[in-house]
Amino acid sequence: MEKPSFELLNPATGTKSELPVRSGSIGPDCLDISALSKDQGVFTFDPAFSVTASCESKITFIDGDAGVLLYRGYPVEQLAARSSFMEVAYLLIYGELPSNTQLTAYRTSITRHTMINESLLRFTNGFHHNAHPMAMVSAVVASMAAFYYDSMDIHNPRHREIFSHRIVAKLPTIAAAAHKHALGQPFVYPRNDLAYCANLLNMFFAVPCEPYQVDPVAAQALDLLFMLHADHEQNASTSTVRLAGSTGANPYAAISAGVSALWGPAHGGANEAVLDMLEQIGTADQIPKYLDMAKDKSSHFKLMGFGHRVYKNFDPRAKIIREACHRVLAKLGRTDNPLFELALRLEEIALKDEYFVSRKLYPNVDFYSGVIYSALGIPRSMYTVMFAIARTVGWVAHWMEMISDPAMRIGRPRQLYTGPTQRDYLDVAKRS
Ligand code: CMC
């Protein structure tokens with residue numbers, strides 16, 4: 001049923017505008033303001049895009065008040081319990097769950113694209129030994145554009161598909177190269193007899209001088225984290241990928257922009273920051289002091305892993321990861337984990353605190369993920385890279401959705417200019 005339009009009256013001119021209401025399949029309606037500037041000569045002002053839908057999308061739905069997350073309609077809880085990262089990648093990118101044959105073909109194709117050009121490896125070796133891996137990953141991803149001229153026509157659906165397989169397949173290899181470079185260990189080539197996450201762990205932890213057996217518990221834990229991180233609709237990094245891609249830039253440039261946007265501590269960098277914070281807090285008796293700092297606006301200290309722009313309820317991913325922490329730590333024989341104990345206590349105390357209750361600040365996906373990464377032996381500087389590997393799937397899905405839309409236009413926000421009005425240039429000698 002068509003919804004009645006909103007009517008906007010400009011009190012200064014008496015001009016009226018009809019603002020049509022657009023309804024999605026679920027979620028709040030959106031006011032279509034595209035005629036506003038033409039009718040009224042005004043723009044809308046929404047810094048940080050708090051209430052602005054930047055695009056139409058069929059990929060992921062979040063109900064932040066109810067704590068619901070759906071990938072192509074499927075609840076993330078069901079996928080986490082029964083699916084796999086490769087299947088979720090297929091679902092997000094192609095729109096439907098794969099048949100057995102489709103999944104096998106997809107897995108095979110991803111597996112066959114895991115190697116990277118030796119020249120790309122040499123880029124990694126050129127970095128300083130203590131370079132942050134996110135710096136290396138974003139640079140190497142951007143440089144992939146220099147290797148695949150044969151398949152970078154963004155208007156060719158087959159080229160887009162080849163890109164999507166390449167980037168999903170090669171991200172773990174690029175991440176592992178960055179990790180080995182930091183350690184000063186030889187690079188370990190991908191093994192096509194291993195599944196996606198097992199191969200990643202093998203590239204991270206194997207060394208040429210002795211056999212290495214991937215722990216299936218670790219591979220399964222990583223697979224779960226990757227499913228939960230795979231997409232989150234128009235978050236900052238995905239919006240960055242869309243904006244960069246909307247210029248017609250090659251997709252590797254767009255994904256590299258996404259990696260860079262993800263790095264910030266307000267976004268994917270929070271998983272690394274959570275563990276730093278827990279270590280800084282140290283013991284449970286220090287929690288009140290740090291909560292006071294988090295409430296003090298002049299301190300610049302925030303409770304990392306808490307709060308979310310969209311969730312005003314439990315982040316469903318955090319709930320799943322917290323449960324997984326208990327399971328994975330027990331299976332790995334690491335039940336004595338003081339940082340996990342501290343995180344649980346911090347959550348308990350914060351969720352009773354009026355400041356966090358009134359602002360609806362709950363643990364988000366990053367609060368517990370670092371506990372699992374650390375139990376798997378993944379170094380802290382690599383946590384956000386892990387997030388990037390998983391989110392690449394979401395970035396690809398959004399980039400593909402945007403590029404295949406014939407109505408795509410370059411993304412270009414407006415501004416409310418508050419700088420000097422026009423003035424005349426003065427020669428330097430005449431300036432005071
Ligand atoms: N610690 C203390 N106060 C907080 C926090 C926090 N973690 N998060 C929000 N607040 C306060 C904020 O200061 C504001 O207070 P007031 O109303 O008094 O001004 C109120 O809560 C509303 O927050 P906001 O700043 O309007 O929230 P936002 O939507 O702009 O920011 C956020 C969302 C995730 C950037 C923010 O909550 C934050 O910085 N959290 C810590 C970093 C973090 O965990 N990031 C990971 C996000 S989830 C995964 C991902 O996106 O990658």
# chains A, B, ... in the order shown; residues from 1 in each chain; ligands from 1
$ residues_around --residues "Phe301 of chain A" --least-positions-apart "4" --cutoff "12 Å" --atoms "only C-alpha atoms" --output "number ranges by chain"
A: 265-266, 273-274, 277, 280, 289-297, 306
$ residues_around --residues "Gly377 of chain A" --least-positions-apart "3" --cutoff "10 Å" --atoms "only C-alpha atoms" --output "PyMOL selection string"
chain A and resi 201+204-205+218+372-374+380
$ closest_residue --among "A:Met400, A:Ala388, A:Ala178, A:Val168" --to "Ser237 of chain A" --atoms "only C-alpha atoms"
A:Ala388
$ closest_residue --among "A:Ala12, A:Ala397, A:Ile33, A:Val140" --to "Glu233 of chain A" --atoms "only C-alpha atoms"
A:Ala397
$ closest_atom_pairs --of "chain A" --to "ligand 1" --cutoff "9 Å" --atoms "only C-alpha atoms and all ligand atoms" --output "tab-separated table"
residue	atom	partner	partner_atom_place_in_ligand_line	distance
A:Ala48	CA	ligand 1	30 (O)	7.6
A:Ser50	CA	ligand 1	29 (O)	7.6
A:His229	CA	ligand 1	49 (C)	8.7
A:His232	CA	ligand 1	51 (O)	8.1
A:Asn235	CA	ligand 1	51 (O)	6.4
A:Ala236	CA	ligand 1	51 (O)	7.3
A:Ser237	CA	ligand 1	52 (O)	8.4
A:Leu262	CA	ligand 1	52 (O)	6.7
A:Trp263	CA	ligand 1	52 (O)	8.8
A:Gly264	CA	ligand 1	52 (O)	8.5
A:Pro265	CA	ligand 1	42 (C)	5.9
A:Ala266	CA	ligand 1	45 (N)	4.0
A:His267	CA	ligand 1	52 (O)	3.4
A:Gly268	CA	ligand 1	52 (O)	3.8
A:Gly269	CA	ligand 1	52 (O)	7.1
A:Ala270	CA	ligand 1	45 (N)	4.9
A:Asn271	CA	ligand 1	46 (C)	7.5
A:Ala273	CA	ligand 1	42 (C)	8.3
A:Val274	CA	ligand 1	44 (O)	7.6
A:Leu291	CA	ligand 1	2 (C)	8.0
A:Met293	CA	ligand 1	2 (C)	8.4
A:Ala294	CA	ligand 1	2 (C)	4.6
A:Lys295	CA	ligand 1	2 (C)	5.7
A:Asp296	CA	ligand 1	2 (C)	8.3
A:Lys297	CA	ligand 1	13 (O)	6.9
A:Phe301	CA	ligand 1	1 (N)	7.2
A:Lys302	CA	ligand 1	1 (N)	3.7
A:Leu303	CA	ligand 1	1 (N)	4.0
A:Met304	CA	ligand 1	41 (C)	4.3
A:Gly305	CA	ligand 1	44 (O)	3.2
A:Phe306	CA	ligand 1	7 (N)	4.3
A:Gly307	CA	ligand 1	37 (O)	3.5
A:His308	CA	ligand 1	34 (C)	3.9
A:Arg309	CA	ligand 1	29 (O)	3.2
A:Val310	CA	ligand 1	29 (O)	6.9
A:Tyr311	CA	ligand 1	29 (O)	8.9
A:Asp315	CA	ligand 1	48 (S)	8.5
A:Tyr355	CA	ligand 1	3 (N)	8.0
A:Phe356	CA	ligand 1	3 (N)	7.3
A:Ser358	CA	ligand 1	21 (O)	8.8
A:Arg359	CA	ligand 1	21 (O)	5.4
A:Lys360	CA	ligand 1	21 (O)	7.7
A:Leu361	CA	ligand 1	8 (N)	6.3
A:Tyr362	CA	ligand 1	7 (N)	8.6
A:Pro363	CA	ligand 1	44 (O)	7.6
A:Asn364	CA	ligand 1	48 (S)	5.2
A:Val365	CA	ligand 1	49 (C)	5.6
A:Asp366	CA	ligand 1	49 (C)	5.8
A:Phe367	CA	ligand 1	44 (O)	6.9
A:Phe387	CA	ligand 1	52 (O)	8.4
$ residues_around --residues "Tyr74 of chain A" --least-positions-apart "6" --cutoff "10 Å" --atoms "only C-alpha atoms" --output "ChimeraX atom specification"
/A:60-61,88,91,96-97
$ closest_atom_pairs --of "segment 190-266 of chain A" --to "segment 104-128 of chain A" --cutoff "9 Å" --atoms "only C-alpha atoms" --output "tab-separated table"
residue	atom	partner	partner_atom	distance
A:Pro190	CA	A:Thr114	CA	6.3
A:Arg191	CA	A:Thr111	CA	8.4
A:Asn192	CA	A:Thr111	CA	5.7
A:Asp193	CA	A:Thr111	CA	8.5
A:Leu194	CA	A:Thr111	CA	8.5
A:Ala195	CA	A:Thr111	CA	7.8
A:Tyr196	CA	A:Thr111	CA	7.4
$ closest_residue --among "A:Val207, A:Met402, A:Val328, A:Leu339" --to "Leu275 of chain A" --atoms "only C-alpha atoms"
A:Leu339
$ residues_around --residues "Met134 of chain A" --least-positions-apart "3" --cutoff "7 Å" --atoms "only C-alpha atoms" --output "PyMOL selection string"
chain A and resi 137-138+263+385
$ closest_residue --among "A:Ala176, A:Lys3, A:Glu347, A:Ile93" --to "Arg322 of chain A" --atoms "only C-alpha atoms"
A:Glu347
$ closest_residue --among "A:Ile378, A:Leu243, A:Ala198, A:Ala145" --to "Arg412 of chain A" --atoms "only C-alpha atoms"
A:Leu243
$ closest_residue --among "A:Gly184, A:Gly394, A:Leu19, A:Ala169" --to "Gly258 of chain A" --atoms "only C-alpha atoms"
A:Gly394
$ decode --residues "segment 80-95 of chain A" --atoms "all heavy atoms" --output "tab-separated table (two decimals), in the first residue's frame"
chain	number	residue	atom	x	y	z
A	80	ALA	N	25.11	-18.73	12.20
A	80	ALA	CA	26.25	-19.02	13.08
A	80	ALA	C	26.20	-20.46	13.57
A	80	ALA	O	27.23	-21.12	13.71
A	80	ALA	CB	26.25	-18.05	14.25
A	81	ALA	N	24.99	-20.96	13.80
A	81	ALA	CA	24.87	-22.32	14.36
A	81	ALA	C	25.01	-23.39	13.28
A	81	ALA	O	25.48	-24.49	13.56
A	81	ALA	CB	23.52	-22.46	15.07
A	82	ARG	N	24.60	-23.06	12.02
A	82	ARG	CA	24.47	-24.15	11.05
A	82	ARG	C	25.22	-23.95	9.74
A	82	ARG	O	25.33	-24.87	8.94
A	82	ARG	CB	22.99	-24.38	10.74
A	82	ARG	CG	22.27	-24.90	11.97
A	82	ARG	CD	20.79	-24.68	11.94
A	82	ARG	NE	20.14	-25.30	10.79
A	82	ARG	CZ	18.88	-25.09	10.45
A	82	ARG	NH1	18.14	-24.28	11.18
A	82	ARG	NH2	18.35	-25.69	9.41
A	83	SER	N	25.71	-22.75	9.51
A	83	SER	CA	26.31	-22.49	8.19
A	83	SER	C	27.84	-22.45	8.30
A	83	SER	O	28.42	-22.94	9.26
A	83	SER	CB	25.75	-21.17	7.66
A	83	SER	OG	26.19	-20.94	6.35
A	84	SER	N	28.48	-21.93	7.27
A	84	SER	CA	29.94	-21.80	7.28
A	84	SER	C	30.28	-20.47	6.61
A	84	SER	O	29.44	-19.89	5.90
A	84	SER	CB	30.57	-22.94	6.47
A	84	SER	OG	30.20	-22.78	5.11
A	85	PHE	N	31.51	-20.00	6.82
A	85	PHE	CA	31.89	-18.72	6.24
A	85	PHE	C	31.78	-18.73	4.71
A	85	PHE	O	31.30	-17.78	4.11
A	85	PHE	CB	33.29	-18.32	6.68
A	85	PHE	CG	33.74	-17.01	6.10
A	85	PHE	CD1	33.03	-15.84	6.34
A	85	PHE	CD2	34.87	-16.92	5.30
A	85	PHE	CE1	33.42	-14.61	5.81
A	85	PHE	CE2	35.28	-15.71	4.77
A	85	PHE	CZ	34.56	-14.55	5.02
A	86	MET	N	32.18	-19.82	4.08
A	86	MET	CA	32.12	-19.89	2.61
A	86	MET	C	30.67	-19.81	2.14
A	86	MET	O	30.35	-19.16	1.13
A	86	MET	CB	32.75	-21.18	2.10
A	86	MET	CG	34.25	-21.14	1.90
A	86	MET	SD	34.82	-19.92	0.67
A	86	MET	CE	35.25	-18.53	1.66
A	87	GLU	N	29.77	-20.48	2.88
A	87	GLU	CA	28.36	-20.46	2.48
A	87	GLU	C	27.78	-19.05	2.68
A	87	GLU	O	27.03	-18.55	1.84
A	87	GLU	CB	27.58	-21.49	3.29
A	87	GLU	CG	26.17	-21.68	2.77
A	87	GLU	CD	25.43	-22.78	3.51
A	87	GLU	OE1	25.22	-22.66	4.73
A	87	GLU	OE2	25.04	-23.76	2.85
A	88	VAL	N	28.16	-18.42	3.82
A	88	VAL	CA	27.68	-17.07	4.09
A	88	VAL	C	28.22	-16.09	3.04
A	88	VAL	O	27.51	-15.19	2.57
A	88	VAL	CB	28.08	-16.65	5.53
A	88	VAL	CG1	27.99	-15.15	5.73
A	88	VAL	CG2	27.20	-17.37	6.55
A	89	ALA	N	29.47	-16.30	2.62
A	89	ALA	CA	30.05	-15.44	1.59
A	89	ALA	C	29.23	-15.56	0.30
A	89	ALA	O	28.87	-14.56	-0.33
A	89	ALA	CB	31.50	-15.83	1.33
A	90	TYR	N	28.90	-16.78	-0.06
A	90	TYR	CA	28.10	-17.02	-1.27
A	90	TYR	C	26.74	-16.34	-1.13
A	90	TYR	O	26.26	-15.65	-2.03
A	90	TYR	CB	27.95	-18.52	-1.50
A	90	TYR	CG	27.26	-18.86	-2.81
A	90	TYR	CD1	28.00	-19.23	-3.93
A	90	TYR	CD2	25.87	-18.78	-2.92
A	90	TYR	CE1	27.36	-19.52	-5.13
A	90	TYR	CE2	25.24	-19.06	-4.13
A	90	TYR	CZ	25.99	-19.43	-5.23
A	90	TYR	OH	25.36	-19.70	-6.41
A	91	LEU	N	26.12	-16.55	0.04
A	91	LEU	CA	24.80	-15.97	0.30
A	91	LEU	C	24.82	-14.46	0.16
A	91	LEU	O	23.97	-13.87	-0.53
A	91	LEU	CB	24.36	-16.36	1.73
A	91	LEU	CG	23.11	-15.68	2.26
A	91	LEU	CD1	21.86	-16.16	1.53
A	91	LEU	CD2	22.94	-15.93	3.77
A	92	LEU	N	25.80	-13.82	0.79
A	92	LEU	CA	25.85	-12.35	0.76
A	92	LEU	C	26.12	-11.84	-0.64
A	92	LEU	O	25.51	-10.88	-1.10
A	92	LEU	CB	26.91	-11.84	1.74
A	92	LEU	CG	26.53	-11.95	3.22
A	92	LEU	CD1	27.75	-11.72	4.12
A	92	LEU	CD2	25.44	-10.96	3.59
A	93	ILE	N	27.03	-12.51	-1.35
A	93	ILE	CA	27.44	-11.99	-2.66
A	93	ILE	C	26.43	-12.35	-3.75
A	93	ILE	O	26.09	-11.52	-4.59
A	93	ILE	CB	28.87	-12.48	-3.00
A	93	ILE	CG1	29.86	-11.83	-2.02
A	93	ILE	CG2	29.26	-12.14	-4.44
A	93	ILE	CD1	31.29	-12.35	-2.08
A	94	TYR	N	25.92	-13.58	-3.72
A	94	TYR	CA	25.01	-14.01	-4.80
A	94	TYR	C	23.52	-13.86	-4.44
A	94	TYR	O	22.68	-13.99	-5.31
A	94	TYR	CB	25.30	-15.46	-5.19
A	94	TYR	CG	26.63	-15.62	-5.91
A	94	TYR	CD1	27.78	-15.93	-5.22
A	94	TYR	CD2	26.72	-15.42	-7.29
A	94	TYR	CE1	29.01	-16.07	-5.87
A	94	TYR	CE2	27.94	-15.55	-7.96
A	94	TYR	CZ	29.08	-15.87	-7.23
A	94	TYR	OH	30.28	-15.99	-7.90
A	95	GLY	N	23.21	-13.66	-3.16
A	95	GLY	CA	21.82	-13.36	-2.79
A	95	GLY	C	21.02	-14.53	-2.27
A	95	GLY	O	19.98	-14.33	-1.66
